[in-house]
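Written below as structure tokens is the structure these notes are about.
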Amino acid sequence: MDLQLADRTFVVTAASAGLGRATATALVAEGARVVLVARRADVLAEVLAELGEDAAVALPADLSDPTTPGRACELALSRFGSLDGALVSVGGPPRGATLANSEQEWRDAFESVFLAALRVSRAVLEHATRDDVALAWVLSSTAREPLPEMAISNGLRPGLGLLVKQLADEVGPRGARVVGLMPGTVRTERITALHAHSDDPEQAMADAAASIPLRRLGEPEEFGRVAAFVLSPAASYLSGCLLPVDGGKMRTL
């Protein structure tokens, strides 16, 4: 299938590793150009070398800085002359129970998870060079069902999930689309770090795999291919919905 991504440009946040990096790689493989945004300049340089400077440009920056989304969009326009959408990935909040997490942890997560997603989306919609903007928000299965010891994620992700629908309603008349992606247990640094808190991390990973109908963890590349499709014109009638990318683990409809 031709995803019709040739010469389209996307901002990809959290692009130095995991789901963001896999999505950037998939987009470039389909002919798109990407602006890579992440905090780790050294790792971003490695990703840039891998993708090539004809197709990618890096912006070492933190999304907690309100100016970062606008700078990323301006870089897309100055480097490639267009901006068509974004993969909005904002990382994950710390573990903890509902009352065990401090108020400061809740505030920090609201800033880095919730507001960051809105800032990136606002900047992309304001700077886009065409009407059919495509936004893909990386959420979590916690948008639909809670996970133990993940209170902050359980609290924030459902709100973002509902905003996927509301924002899709608001920007749909101009031809723009918004989709939420809910990755399950994908083999990323984040998942490894979460399982490291258990008494036996290796067994915890094995148990996680056993709970998935496909009996294995996902690979970042599998998520990246789905994200590239969702952002492409080939998915032009897909908007306002949440898509699980979880090997069948989620039990809700």
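Labeling convention for the structure tokens: chains A, B, ... as they appear, residues from 1 per chain, ligands from 1 in order of appearance.
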Based on DSSP run over this structure's backbone, return all residues of region 66-198 of chain A in alpha helix (DSSP H), as a PyMOL selection string. chain A and resi 68-80+103-109+116-127+151-171+189-195
Close residues, region 19-36 of chain A itself excluded, 6 Å, only C-alpha atoms, min 6 positions apart in chain, as a count of residues only: 18
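Each of A:Gln166, A:Ser112, A:Ser16, A:Asn101 was checked against Thr188 (chain A) using only C-alpha atoms; the smallest atom-to-atom distance is that of A:Ser16.
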Pick from A:Leu87, A:Asp200, A:Gly240, A:Ser64, whichever lies nearest to Leu163 (chain A) using only C-alpha atoms: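 Under the stated criterion, the closest residue is A:Gly240.
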Counting only C-alpha atoms, which of A:Leu162, A:Ala100, A:Met250, A:Val133 gets nearest to Gly180 (chain A)?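 Looking only at the distances to Gly180 (chain A), the closest residue turns out to be A:Leu162.
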Which residues in region 135-178 of chain A does DSSP call strand (DSSP E)? List them as a PyMOL selection string. chain A and resi 135-138+177-178
Take the residues just selected and output them with C-alpha atoms as a CSV table (one decimal), in the first residue's frame.
```csv
chain,number,residue,atom,x,y,z
A,135,LEU,CA,-2.2,14.2,14.9
A,136,ALA,CA,-1.5,10.9,16.7
A,137,TRP,CA,-1.4,11.1,20.5
A,138,VAL,CA,0.5,8.3,22.2
A,177,ARG,CA,-7.7,14.4,12.1
A,178,VAL,CA,-6.8,13.3,15.6
```
All residues 12 Å or closer to Arg215 (chain A), only C-alpha atoms, same chain fewer than 3 positions away omitted, as a list in words: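 Everything that qualifies: Thr185, Met205, Ala206, Asp207, Ala208, Ala209, Ala210, Ser211, Ile212, Gly218, Asp246, Gly247, Gly248 and Lys249 of chain A.
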Need to verify the contact set: region 145-161 of chain A, 8 Å, only C-alpha atoms, exclusion of same-chain residues closer than 6 positions in sequence. Can you return it as a PyMOL selection string? chain A and resi 92-98+101+106+109-110+113-114+139+180+242+252
Written file, previous selection with C-alpha atoms, as an mmCIF file, in the first residue's frame:
```cif
data_model
loop_
_atom_site.group_PDB
_atom_site.id
_atom_site.type_symbol
_atom_site.label_atom_id
_atom_site.label_comp_id
_atom_site.auth_asym_id
_atom_site.auth_seq_id
_atom_site.Cartn_x
_atom_site.Cartn_y
_atom_site.Cartn_z
ATOM 1 C CA GLY A 92 5.026 8.507 31.243
ATOM 2 C CA PRO A 93 4.462 9.716 34.804
ATOM 3 C CA PRO A 94 5.966 8.000 37.858
ATOM 4 C CA ARG A 95 4.501 4.922 39.487
ATOM 5 C CA GLY A 96 2.515 5.148 42.702
ATOM 6 C CA ALA A 97 -0.823 4.734 44.443
ATOM 7 C CA THR A 98 -3.504 7.413 44.297
ATOM 8 C CA ASN A 101 1.964 10.198 44.891
ATOM 9 C CA TRP A 106 0.628 15.160 40.172
ATOM 10 C CA ALA A 109 2.784 15.072 35.452
ATOM 11 C CA PHE A 110 -0.100 17.330 34.462
ATOM 12 C CA VAL A 113 1.906 14.743 30.117
ATOM 13 C CA PHE A 114 -1.338 16.667 29.746
ATOM 14 C CA LEU A 139 -1.655 7.428 25.220
ATOM 15 C CA GLY A 180 -5.196 8.265 20.071
ATOM 16 C CA LEU A 242 -8.529 5.347 20.315
ATOM 17 C CA THR A 252 -12.559 -3.557 27.083
#
```
With only C-alpha atoms as the counted atoms, please give the residues lying no more than 8 Å from region 233-239 of chain A, apart from itself and same-chain residues fewer than 4 positions off, as a list in words.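 After dropping sequence-adjacent residues, the list is Asp2, Leu3, Gln4, Leu5, Lys165, Ala168, Arg177, Val178, Val179 and Phe229 of chain A.
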By how many Å are CA of Ser82 (chain A) and CA of Thr129 (chain A) apart?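 Value for the CA of Ser82 (chain A)-CA of Thr129 (chain A) distance: 5.6 Å.
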Could you tell me which of A:Pro201, A:Glu126, A:Leu243, A:Val226 comes closest to Leu181 (chain A) if we count only C-alpha atoms?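 Smallest distance to Leu181 (chain A) is found for A:Leu243.
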